[in-house]
file coords16.txt (compact mmCIF, C-alpha atoms)
# COMPACT_ATOMS: atom_id res chain seq x y z
CA MET A 1 144.61 -4.50 -20.11
CA THR A 2 148.29 -3.71 -19.75
CA LYS A 3 149.40 -0.54 -17.97
CA LEU A 4 151.23 2.63 -18.85
CA ARG A 5 153.52 3.30 -15.89
CA ALA A 6 155.94 6.10 -15.01
CA GLN A 7 158.34 7.20 -12.29
CA ILE A 8 159.63 10.71 -11.81
CA ALA A 9 161.72 12.45 -9.16
CA MET A 10 160.19 15.62 -7.69
CA SER A 11 161.38 18.24 -5.21
CA LEU A 12 159.29 19.17 -2.17
CA ASP A 13 158.22 22.31 -4.01
CA GLY A 14 157.02 20.32 -7.01
CA PHE A 15 159.82 20.66 -9.54
CA VAL A 16 160.95 17.70 -11.66
CA ALA A 17 163.80 19.62 -13.32
CA GLY A 18 165.72 22.74 -12.43
CA PRO A 19 165.69 25.95 -14.49
CA ASP A 20 167.82 26.55 -17.63
CA GLN A 21 167.94 23.00 -19.01
CA SER A 22 170.65 22.62 -21.65
CA GLU A 23 172.86 19.99 -23.30
CA ALA A 24 175.50 20.61 -20.65
CA ASN A 25 172.89 20.59 -17.91
CA PRO A 26 170.00 18.38 -19.09
CA LEU A 27 168.36 18.28 -15.64
CA GLY A 28 168.51 22.07 -15.22
CA VAL A 29 170.37 24.00 -12.55
CA GLY A 30 170.22 22.05 -9.29
CA GLY A 31 168.24 19.23 -10.92
CA MET A 32 170.93 16.65 -10.20
CA ALA A 33 169.94 16.83 -6.52
CA LEU A 34 166.68 15.07 -7.44
CA HIS A 35 168.57 11.95 -8.49
CA GLU A 36 171.36 11.51 -5.97
CA TRP A 37 169.45 8.77 -4.14
CA VAL A 38 169.39 6.61 -7.31
CA PHE A 39 173.02 6.91 -8.41
CA GLU A 40 174.29 5.08 -5.34
CA LEU A 41 172.05 2.06 -5.90
CA ALA A 42 173.49 -1.24 -7.14
CA ALA A 43 170.25 -1.67 -9.14
CA PHE A 44 170.96 1.57 -11.01
CA GLN A 45 174.65 0.85 -11.54
CA THR A 46 173.90 -2.62 -12.96
CA MET A 47 171.20 -1.18 -15.23
CA HIS A 48 173.75 1.21 -16.72
CA GLY A 49 176.54 -1.32 -17.17
CA GLY A 50 178.37 -0.45 -13.95
CA SER A 51 178.93 -2.45 -10.79
CA GLY A 52 178.96 -1.94 -7.04
CA GLY A 53 176.53 0.25 -5.19
CA VAL A 54 174.17 -0.27 -2.29
CA ILE A 55 170.91 -2.15 -1.72
CA ASN A 56 168.25 -0.34 0.29
CA GLU A 57 164.50 0.37 0.46
CA SER A 58 164.66 2.02 -2.98
CA THR A 59 165.98 -1.14 -4.67
CA PRO A 60 162.61 -2.85 -5.33
CA VAL A 61 161.15 0.46 -6.54
CA VAL A 62 163.91 0.94 -9.10
CA GLU A 63 163.80 -2.72 -10.15
CA ARG A 64 160.04 -2.53 -10.62
CA MET A 65 160.47 0.35 -13.07
CA PHE A 66 161.45 -2.03 -15.90
CA ASP A 67 159.93 -5.20 -14.48
CA ASN A 68 157.40 -6.72 -16.90
CA VAL A 69 157.93 -3.79 -19.29
CA GLY A 70 157.75 -4.63 -23.01
CA ALA A 71 158.13 -1.16 -24.54
CA VAL A 72 158.96 2.43 -23.63
CA VAL A 73 157.60 5.81 -24.68
CA MET A 74 159.64 8.96 -24.16
CA GLY A 75 159.65 12.62 -25.10
CA ARG A 76 162.03 14.15 -27.57
CA ASN A 77 163.97 16.02 -24.88
CA MET A 78 164.48 12.81 -22.92
CA PHE A 79 166.08 11.27 -26.02
CA GLY A 80 168.43 14.15 -26.57
CA PRO A 81 169.21 17.86 -26.63
CA VAL A 82 168.92 18.17 -30.46
CA ARG A 83 166.08 20.53 -31.41
CA GLY A 84 164.30 20.85 -34.75
CA GLY A 85 165.35 18.40 -37.49
CA TRP A 86 167.71 15.48 -36.88
CA GLY A 87 170.60 16.91 -38.95
CA ASP A 88 173.12 14.20 -39.88
CA GLY A 89 171.45 11.77 -37.49
CA SER A 90 174.59 11.38 -35.42
CA TRP A 91 172.73 11.82 -32.11
CA GLN A 92 171.85 8.34 -30.89
CA GLY A 93 170.62 9.09 -27.36
CA TRP A 94 172.37 9.75 -24.06
CA TRP A 95 173.09 6.11 -23.32
CA GLY A 96 175.84 4.87 -25.67
CA ASP A 97 175.68 1.67 -27.78
CA ASP A 98 173.74 -0.39 -25.25
CA PRO A 99 170.89 1.70 -23.77
CA PRO A 100 169.32 0.41 -20.54
CA TYR A 101 165.92 -0.30 -22.13
CA HIS A 102 166.39 -3.58 -24.08
CA VAL A 103 162.94 -3.19 -25.67
CA PRO A 104 161.44 -0.99 -28.43
CA VAL A 105 161.43 2.70 -27.42
CA PHE A 106 158.96 5.09 -29.05
CA VAL A 107 160.23 8.68 -29.14
CA LEU A 108 157.69 11.52 -29.52
CA THR A 109 158.91 14.01 -32.12
CA HIS A 110 157.70 16.37 -34.83
CA HIS A 111 160.51 15.25 -37.15
CA ALA A 112 160.43 11.88 -38.91
CA ARG A 113 163.48 9.64 -38.69
CA GLU A 114 164.27 6.03 -39.58
CA PRO A 115 164.27 3.56 -36.67
CA LEU A 116 167.59 3.36 -34.90
CA GLN A 117 168.69 -0.09 -33.79
CA MET A 118 171.07 -0.14 -30.85
CA GLY A 119 172.73 -2.98 -28.94
CA GLY A 120 171.04 -5.11 -26.32
CA GLY A 121 167.58 -5.15 -27.89
CA THR A 122 166.85 -1.42 -27.80
CA THR A 123 165.43 0.10 -30.98
CA PHE A 124 164.37 3.74 -31.06
CA HIS A 125 161.27 4.38 -33.18
CA PHE A 126 160.43 8.01 -33.95
CA VAL A 127 156.71 8.77 -33.81
CA THR A 128 155.33 11.96 -35.39
CA ALA A 129 151.63 11.08 -35.03
CA GLY A 130 151.22 12.08 -31.36
CA ILE A 131 151.03 10.50 -27.90
CA GLU A 132 148.08 8.19 -28.61
CA SER A 133 149.79 6.73 -31.65
CA ALA A 134 153.06 6.25 -29.75
CA LEU A 135 151.22 4.47 -26.93
CA GLU A 136 149.30 2.29 -29.38
CA GLN A 137 152.52 1.23 -31.11
CA ALA A 138 154.20 0.63 -27.76
CA ARG A 139 151.31 -1.51 -26.51
CA LEU A 140 151.44 -3.57 -29.68
CA ALA A 141 155.18 -4.09 -29.26
CA ALA A 142 154.82 -4.88 -25.54
CA GLY A 143 152.19 -7.57 -25.98
CA GLU A 144 151.14 -8.77 -22.55
CA ARG A 145 153.73 -6.63 -20.78
CA ASP A 146 153.38 -3.03 -19.58
CA VAL A 147 154.61 0.16 -21.21
CA HIS A 148 157.03 2.43 -19.32
CA ALA A 149 156.76 6.19 -19.85
CA ALA A 150 160.34 7.31 -19.33
CA GLY A 151 159.76 11.09 -19.31
CA GLY A 152 160.57 13.89 -19.36
CA ALA A 153 158.05 16.08 -17.59
CA SER A 154 156.31 17.26 -20.73
CA CYS A 155 155.77 13.72 -22.01
CA LEU A 156 154.36 12.52 -18.66
CA ARG A 157 152.19 15.61 -18.36
CA GLN A 158 150.67 14.94 -21.78
CA TYR A 159 149.82 11.34 -20.87
CA LEU A 160 148.49 12.48 -17.46
CA LYS A 161 146.26 15.12 -19.00
CA ALA A 162 144.95 12.67 -21.58
CA GLY A 163 144.02 10.24 -18.79
CA LEU A 164 146.29 7.59 -20.28
CA LEU A 165 148.79 7.18 -17.43
CA ASP A 166 147.69 4.25 -15.26
CA GLU A 167 150.35 4.40 -12.56
CA LEU A 168 152.66 7.19 -11.42
CA THR A 169 155.42 6.84 -8.85
CA ILE A 170 156.66 10.17 -7.52
CA ASN A 171 160.12 9.91 -5.98
CA LEU A 172 159.82 12.83 -3.59
CA VAL A 173 163.20 14.26 -2.63
CA PRO A 174 163.60 16.59 0.37
CA VAL A 175 165.16 19.43 -1.58
CA ILE A 176 163.65 22.78 -2.47
CA LEU A 177 164.64 23.90 -5.99
CA GLY A 178 162.71 27.18 -6.08
CA ALA A 179 162.46 27.21 -9.89
CA GLY A 180 162.31 24.89 -12.88
CA GLU A 181 159.71 22.68 -14.53
CA ARG A 182 156.68 21.43 -12.57
CA LEU A 183 155.05 18.08 -13.32
CA PHE A 184 151.51 19.12 -12.46
CA ASP A 185 151.32 22.54 -14.16
CA ASP A 186 148.09 22.77 -16.19
CA THR A 187 146.91 19.33 -15.11
CA ALA A 188 144.11 20.58 -12.81
CA ALA A 189 142.11 22.02 -15.71
CA ALA A 190 142.35 18.67 -17.48
CA GLY A 191 140.51 17.04 -14.56
CA VAL A 192 143.36 14.70 -13.67
CA GLU A 193 142.43 12.55 -10.67
CA LEU A 194 144.79 10.24 -8.86
CA GLU A 195 144.33 7.69 -6.14
CA GLN A 196 147.15 7.00 -3.70
CA LYS A 197 148.38 3.42 -3.55
CA GLY A 198 151.37 3.41 -1.19
CA ALA A 199 154.51 5.03 0.11
CA ILE A 200 158.00 3.72 0.82
CA VAL A 201 160.54 5.71 2.81
CA ALA A 202 164.13 5.19 1.67
CA PRO A 203 167.41 7.05 2.25
CA GLY A 204 167.03 10.52 0.75
CA VAL A 205 163.70 9.87 -1.00
CA THR A 206 160.10 8.85 -0.39
CA HIS A 207 158.46 6.77 -3.11
CA LEU A 208 154.77 7.69 -3.52
CA THR A 209 152.66 5.60 -5.88
CA TYR A 210 149.38 6.77 -7.43
CA SER A 211 146.99 5.20 -9.88
CA LYS A 212 144.46 6.75 -12.21
CA SER A 213 141.14 7.23 -10.40
CA GLY A 214 138.05 5.23 -11.25
CA MET B 1 165.62 22.16 23.71
CA THR B 2 161.91 22.01 23.01
CA LYS B 3 160.67 21.93 19.42
CA LEU B 4 158.57 24.11 17.18
CA ARG B 5 156.36 21.69 15.25
CA ALA B 6 153.78 22.11 12.49
CA GLN B 7 151.42 20.12 10.30
CA ILE B 8 149.90 21.31 7.07
CA ALA B 9 147.80 19.70 4.34
CA MET B 10 149.15 20.07 0.81
CA SER B 11 147.92 19.10 -2.64
CA LEU B 12 150.05 17.03 -5.04
CA ASP B 13 150.80 20.25 -6.92
CA GLY B 14 152.03 21.99 -3.77
CA PHE B 15 149.09 24.15 -2.70
CA VAL B 16 148.09 24.47 0.96
CA ALA B 17 145.04 26.66 0.22
CA GLY B 18 142.95 27.25 -2.87
CA PRO B 19 142.68 30.61 -4.66
CA ASP B 20 140.37 33.48 -3.57
CA GLN B 21 140.45 32.97 0.22
CA SER B 22 137.67 34.89 1.97
CA GLU B 23 135.59 34.87 5.14
CA ALA B 24 133.01 32.66 3.41
CA ASN B 25 135.74 30.45 1.99
CA PRO B 26 138.72 30.62 4.36
CA LEU B 27 140.52 27.70 2.71
CA GLY B 28 140.11 29.16 -0.78
CA VAL B 29 138.23 27.63 -3.69
CA GLY B 30 138.64 23.86 -3.60
CA GLY B 31 140.75 24.07 -0.44
CA MET B 32 138.30 21.99 1.59
CA ALA B 33 139.41 18.94 -0.43
CA LEU B 34 142.75 19.13 1.43
CA HIS B 35 141.04 18.38 4.74
CA GLU B 36 138.40 15.75 4.01
CA TRP B 37 140.58 12.98 5.43
CA VAL B 38 140.67 14.71 8.84
CA PHE B 39 136.98 15.54 9.28
CA GLU B 40 135.97 11.88 9.43
CA LEU B 41 138.42 11.07 12.22
CA ALA B 42 137.16 10.45 15.77
CA ALA B 43 140.34 12.22 17.00
CA PHE B 44 139.32 15.37 15.11
CA GLN B 45 135.67 15.20 16.15
CA THR B 46 136.61 14.82 19.83
CA MET B 47 139.09 17.69 19.57
CA HIS B 48 136.32 19.97 18.33
CA GLY B 49 133.71 18.92 20.87
CA GLY B 50 131.95 16.42 18.64
CA SER B 51 131.68 12.64 18.83
CA GLY B 52 131.75 9.64 16.55
CA GLY B 53 134.12 9.25 13.64
CA VAL B 54 136.62 6.65 12.58
CA ILE B 55 140.02 5.47 13.79
CA ASN B 56 142.63 4.78 11.13
CA GLU B 57 146.32 5.24 10.28
CA SER B 58 145.89 9.04 10.54
CA THR B 59 144.75 8.88 14.17
CA PRO B 60 148.19 8.87 15.83
CA VAL B 61 149.36 11.63 13.47
CA VAL B 62 146.47 13.91 14.44
CA GLU B 63 146.80 13.04 18.13
CA ARG B 64 150.50 13.81 18.01
CA MET B 65 149.76 17.33 16.73
CA PHE B 66 148.84 18.55 20.23
CA ASP B 67 150.65 15.89 22.24
CA ASN B 68 153.19 17.43 24.62
CA VAL B 69 152.34 20.90 23.28
CA GLY B 70 152.41 23.75 25.82
CA ALA B 71 151.75 26.74 23.56
CA VAL B 72 150.69 27.62 20.03
CA VAL B 73 151.79 30.29 17.53
CA MET B 74 149.55 31.21 14.61
CA GLY B 75 149.22 33.82 11.88
CA ARG B 76 146.64 36.55 11.85
CA ASN B 77 144.71 34.94 8.98
CA MET B 78 144.49 31.65 10.84
CA PHE B 79 142.88 33.48 13.76
CA GLY B 80 140.28 35.20 11.61
CA PRO B 81 139.28 36.99 8.45
CA VAL B 82 139.40 40.49 10.02
CA ARG B 83 142.03 42.66 8.29
CA GLY B 84 143.63 45.87 9.58
CA GLY B 85 142.60 47.01 13.09
CA TRP B 86 140.50 44.88 15.44
CA GLY B 87 137.43 47.16 15.30
CA ASP B 88 135.09 46.47 18.23
CA GLY B 89 137.03 43.34 19.11
CA SER B 90 134.01 41.12 18.59
CA TRP B 91 135.96 38.59 16.53
CA GLN B 92 137.12 35.88 18.93
CA GLY B 93 138.44 33.28 16.50
CA TRP B 94 136.78 30.58 14.38
CA TRP B 95 136.36 28.11 17.23
CA GLY B 96 133.61 29.35 19.57
CA ASP B 97 133.90 29.65 23.37
CA ASP B 98 136.08 26.59 23.85
CA PRO B 99 138.84 26.52 21.19
CA PRO B 100 140.65 23.20 20.69
CA TYR B 101 144.01 24.51 21.94
CA HIS B 102 143.70 24.57 25.78
CA VAL B 103 147.04 26.41 26.06
CA PRO B 104 148.26 29.97 25.45
CA VAL B 105 148.06 30.88 21.74
CA PHE B 106 150.29 33.65 20.36
CA VAL B 107 148.76 35.37 17.31
CA LEU B 108 151.07 37.28 14.92
CA THR B 109 149.58 40.66 14.06
CA HIS B 110 150.50 44.25 13.25
CA HIS B 111 147.67 45.53 15.49
CA ALA B 112 147.91 45.43 19.28
CA ARG B 113 145.04 43.93 21.25
CA GLU B 114 144.47 42.90 24.86
CA PRO B 115 144.77 39.16 25.61
CA LEU B 116 141.55 37.27 25.06
CA GLN B 117 140.73 34.57 27.57
CA MET B 118 138.50 31.79 26.28
CA GLY B 119 137.12 28.63 27.88
CA GLY B 120 139.09 25.44 28.39
CA GLY B 121 142.45 27.03 29.06
CA THR B 122 142.92 28.83 25.73
CA THR B 123 144.10 32.46 25.91
CA PHE B 124 144.89 34.36 22.74
CA HIS B 125 147.86 36.74 23.06
CA PHE B 126 148.41 39.24 20.25
CA VAL B 127 152.06 39.74 19.36
CA THR B 128 153.15 42.75 17.31
CA ALA B 129 156.92 42.28 17.74
CA GLY B 130 157.39 39.60 15.07
CA ILE B 131 157.83 35.85 14.74
CA GLU B 132 160.93 35.54 16.96
CA SER B 133 159.17 37.35 19.80
CA ALA B 134 156.04 35.24 19.44
CA LEU B 135 158.11 32.05 19.52
CA GLU B 136 160.08 33.26 22.53
CA GLN B 137 156.89 34.03 24.46
CA ALA B 138 155.39 30.69 23.39
CA ARG B 139 158.49 28.76 24.52
CA LEU B 140 158.38 30.52 27.86
CA ALA B 141 154.71 29.63 28.28
CA ALA B 142 155.27 26.04 27.14
CA GLY B 143 158.06 25.31 29.58
CA GLU B 144 159.34 21.81 28.90
CA ARG B 145 156.69 21.13 26.31
CA ASP B 146 156.83 21.85 22.54
CA VAL B 147 155.30 24.73 20.62
CA HIS B 148 152.80 24.02 17.84
CA ALA B 149 152.77 26.32 14.80
CA ALA B 150 149.14 26.16 13.73
CA GLY B 151 149.42 28.01 10.40
CA GLY B 152 148.45 29.33 7.99
CA ALA B 153 150.86 29.06 5.14
CA SER B 154 152.39 32.50 5.57
CA CYS B 155 153.12 31.92 9.27
CA LEU B 156 154.74 28.52 8.60
CA ARG B 157 156.71 29.93 5.68
CA GLN B 158 158.13 32.69 7.87
CA TYR B 159 159.26 30.20 10.53
CA LEU B 160 160.65 27.88 7.80
CA LYS B 161 162.64 30.68 6.16
CA ALA B 162 164.00 31.82 9.52
CA GLY B 163 165.22 28.29 10.22
CA LEU B 164 163.08 28.13 13.36
CA LEU B 165 160.74 25.27 12.43
CA ASP B 166 162.14 22.03 13.87
CA GLU B 167 159.58 19.57 12.54
CA LEU B 168 157.13 19.77 9.65
CA THR B 169 154.51 17.16 8.81
CA ILE B 170 153.07 17.53 5.31
CA ASN B 171 149.73 15.82 4.95
CA LEU B 172 149.91 15.17 1.21
CA VAL B 173 146.47 14.78 -0.36
CA PRO B 174 146.05 13.27 -3.85
CA VAL B 175 144.20 16.23 -5.30
CA ILE B 176 145.43 18.75 -7.86
CA LEU B 177 144.24 22.28 -7.08
CA GLY B 178 145.90 24.10 -9.98
CA ALA B 179 146.00 27.45 -8.14
CA GLY B 180 146.18 28.93 -4.65
CA GLU B 181 148.86 29.47 -2.03
CA ARG B 182 152.05 27.40 -2.02
CA LEU B 183 153.89 26.54 1.18
CA PHE B 184 157.39 26.54 -0.30
CA ASP B 185 157.27 29.69 -2.44
CA ASP B 186 160.38 31.79 -1.80
CA THR B 187 161.85 29.27 0.63
CA ALA B 188 164.64 28.09 -1.72
CA ALA B 189 166.40 31.45 -1.63
CA ALA B 190 166.32 31.36 2.17
CA GLY B 191 168.38 28.16 2.07
CA VAL B 192 165.75 26.05 3.81
CA GLU B 193 166.97 22.46 4.18
CA LEU B 194 164.84 19.60 5.40
CA GLU B 195 165.61 16.01 6.27
CA GLN B 196 162.95 13.34 5.80
CA LYS B 197 161.99 11.38 8.90
CA GLY B 198 159.11 9.12 7.89
CA ALA B 199 155.92 8.54 5.97
CA ILE B 200 152.56 7.03 6.92
CA VAL B 201 149.98 6.08 4.30
CA ALA B 202 146.39 6.56 5.47
CA PRO B 203 143.02 6.73 3.72
CA GLY B 204 143.08 9.76 1.41
CA VAL B 205 146.36 11.20 2.70
CA THR B 206 150.06 10.43 3.13
CA HIS B 207 151.72 11.91 6.20
CA LEU B 208 155.32 12.98 5.44
CA THR B 209 157.47 14.17 8.32
CA TYR B 210 160.58 16.30 7.92
CA SER B 211 162.97 17.87 10.39
CA LYS B 212 165.29 20.81 10.07
CA SER B 213 168.64 19.72 8.63
CA GLY B 214 171.85 19.76 10.62
call {"tool": "encode", "arguments": {"input": "coords16.txt", "output": "structure tokens"}}
result
Amino acid sequence: MTKLRAQIAMSLDGFVAGPDQSEANPLGVGGMALHEWVFELAAFQTMHGGSGGVINESTPVVERMFDNVGAVVMGRNMFGPVRGGWGDGSWQGWWGDDPPYHVPVFVLTHHAREPLQMGGGTTFHFVTAGIESALEQARLAAGERDVHAAGGASCLRQYLKAGLLDELTINLVPVILGAGERLFDDTAAAGVELEQKGAIVAPGVTHLTYSKSG
Amino acid sequence: MTKLRAQIAMSLDGFVAGPDQSEANPLGVGGMALHEWVFELAAFQTMHGGSGGVINESTPVVERMFDNVGAVVMGRNMFGPVRGGWGDGSWQGWWGDDPPYHVPVFVLTHHAREPLQMGGGTTFHFVTAGIESALEQARLAAGERDVHAAGGASCLRQYLKAGLLDELTINLVPVILGAGERLFDDTAAAGVELEQKGAIVAPGVTHLTYSKSG
């Protein structure tokens, strides 16, 4: 059985985004501080069409994120700031003509839209039938490879609560945001159980990996 | 300069105690799950006058807790469930005649009480002049050794917010409590900044150590 895997950056006080998320500030106020460790990495720069950057203990963690991944699922807010219907369809994601996925990406939404083919092998498929359907379509597209759940928090929380997330890497950043969106809100009642697999300390972040229990 | 050091167990969703703390349930509902990893350790059993138990990756972390420690500060609720005045003074702590501290312990309280001398070198001193005074008295008693902040959450939070906690080890347990008391509540506004020092993965817990920034 292939896996559904995710990574998410979290503050010491449990927030995965700051408060007041908006188009101008998609990570919420202060949320950028959760990701500073990744921007400086050569692995990240290369992934986003840049060059330069450093190699450190985080490098294999970031490289593993898309290693052996055949499809991606993501939430509507991860795809873009547009709410409600798709309007003229001009929003094509945050990533430009050549998104860093290079595989089929299944976007959870309540509003149907034709598939959107981008450069480099990325096609966005818009799924209105819910998280199970999106995962099923992603697994089919991925074949023998894994599926990456790209986020955001709400998408990951839904897969966590449904017991469908097989592996979760929390990139724990030593900042205290004080407000924002928490990954684990409402997950206790759903009986979510995780088993710790490992930890890697890197500059400005500790990578904690958990798998679904049992 | 000697250090003020603390360790505290925390759930993945940031709780250091469950909800509804009481004399019968001092860790709150579900809070015991935060400490299961420690009970099985030989280092813990020995510390509390027992025997047996296992040795694993947590052993040096638990041993370090009281290593080179010359005094302890703790909150009123960590000392006992008695609220308000001390009544007949019959409450002498949770630990019996020979508490596991073996050094002077300074208890934060709003109610004065004579020092309480126990077996094995532990004397409880009751400090009504606030956290700075308690720390000052503890440092004086500790001499060239460090001071251990034993908890609970409120005590550690006060030292964190005041910028007085030099080292904090979070024993992160892969459980999701869903409710209870959070360590970091209200610490963002106080401008608390921590720097990560290391992580140790052990059975059922990951030990994350942070120091005060700057």
call {"tool": "residues_around", "arguments": {"input": "coords16.txt", "residues": "region 51-65 of chain A", "least_positions_apart": "5", "cutoff": "6 Å", "atoms": "only C-alpha atoms", "output": "PDB file with C-alpha atoms, in the coordinates of the input"}}
result
ATOM      1  CA  GLU A  40     174.290   5.080  -5.340  1.00  0.00           C
ATOM      2  CA  LEU A  41     172.050   2.060  -5.900  1.00  0.00           C
ATOM      3  CA  ALA A  42     173.490  -1.240  -7.140  1.00  0.00           C
ATOM      4  CA  GLN A  45     174.650   0.850 -11.540  1.00  0.00           C
ATOM      5  CA  THR A  46     173.900  -2.620 -12.960  1.00  0.00           C
ATOM      6  CA  ALA A 202     164.130   5.190   1.670  1.00  0.00           C
TER       7      ALA A 202
END
call {"tool": "residues_around", "arguments": {"input": "coords16.txt", "residues": "Arg113 (chain B)", "least_positions_apart": "5", "cutoff": "9 Å", "atoms": "only C-alpha atoms", "output": "list in words"}}
result
Trp86, Gly89, His125, Phe126 and Val127 of chain B
call {"tool": "closest_atom_pairs", "arguments": {"input": "coords16.txt", "of": "region 3-28 of chain A", "to": "region 5-24 of chain B", "cutoff": "12 Å", "atoms": "all atoms listed in the file", "output": "CSV"}}
result
residue,atom,partner,partner_atom,distance
A:Met10,CA,B:Asp13,CA,10.5
A:Ser11,CA,B:Gly14,CA,10.2
A:Leu12,CA,B:Gly14,CA,8.0
A:Asp13,CA,B:Gly14,CA,6.2
A:Gly14,CA,B:Gly14,CA,6.2
A:Phe15,CA,B:Asp13,CA,9.4
A:Val16,CA,B:Asp13,CA,11.5
call {"tool": "atom_distance", "arguments": {"input": "coords16.txt", "atom1": "CA of Ala138 (chain B)", "atom2": "CA of Val72 (chain B)"}}
result
6.5 Å
call {"tool": "interface_residues", "arguments": {"input": "coords16.txt", "of": "chain A", "to": "chain B", "cutoff": "10 Å", "atoms": "all atoms listed in the file", "output": "PyMOL selection string"}}
result
chain A and resi 12-15+170+172-179+182-208+210
call {"tool": "atom_distance", "arguments": {"input": "coords16.txt", "atom1": "CA of Trp95 (chain B)", "atom2": "CA of Pro81 (chain B)"}}
result
12.8 Å
call {"tool": "axis_aligned_box", "arguments": {"input": "coords16.txt", "around": "region 128-144 of chain B", "padding_each_side": "4 Å", "output": "AutoDock Vina command-line options"}}
result
--center_x 157.0 --center_y 32.3 --center_z 22.2 --size_x 15.8 --size_y 28.9 --size_z 22.8
call {"tool": "residues_near_point", "arguments": {"input": "coords16.txt", "point": "(160.2, 15.6, -31.3)", "cutoff": "8 Å", "atoms": "all atoms listed in the file", "output": "PDB file with C-alpha atoms, in the coordinates of the input"}}
result
ATOM      1  CA  GLY A  75     159.650  12.620 -25.100  1.00  0.00           C
ATOM      2  CA  ARG A  76     162.030  14.150 -27.570  1.00  0.00           C
ATOM      3  CA  ASN A  77     163.970  16.020 -24.880  1.00  0.00           C
ATOM      4  CA  ARG A  83     166.080  20.530 -31.410  1.00  0.00           C
ATOM      5  CA  GLY A  84     164.300  20.850 -34.750  1.00  0.00           C
ATOM      6  CA  VAL A 107     160.230   8.680 -29.140  1.00  0.00           C
ATOM      7  CA  LEU A 108     157.690  11.520 -29.520  1.00  0.00           C
ATOM      8  CA  THR A 109     158.910  14.010 -32.120  1.00  0.00           C
ATOM      9  CA  HIS A 110     157.700  16.370 -34.830  1.00  0.00           C
ATOM     10  CA  HIS A 111     160.510  15.250 -37.150  1.00  0.00           C
ATOM     11  CA  THR A 128     155.330  11.960 -35.390  1.00  0.00           C
TER      12      THR A 128
END
call {"tool": "closest_residue", "arguments": {"input": "coords16.txt", "among": "B:Lys3, B:Val29, B:Thr123, B:Phe106", "to": "Lys212 (chain B)", "atoms": "only C-alpha atoms"}}
result
B:Lys3
call {"tool": "atom_distance", "arguments": {"input": "coords16.txt", "atom1": "CA of Ala33 (chain B)", "atom2": "CA of Asp97 (chain B)"}}
result
26.7 Å
call {"tool": "closest_residue", "arguments": {"input": "coords16.txt", "among": "B:Asp88, B:Asp166, B:Glu114, B:Glu181", "to": "Gly152 (chain B)", "atoms": "all atoms listed in the file"}}
result
B:Glu181
call {"tool": "closest_residue", "arguments": {"input": "coords16.txt", "among": "A:Gly151, A:Gly180, A:Gly121, A:Gly30", "to": "Gly80 (chain A)", "atoms": "only C-alpha atoms"}}
result
A:Gly151
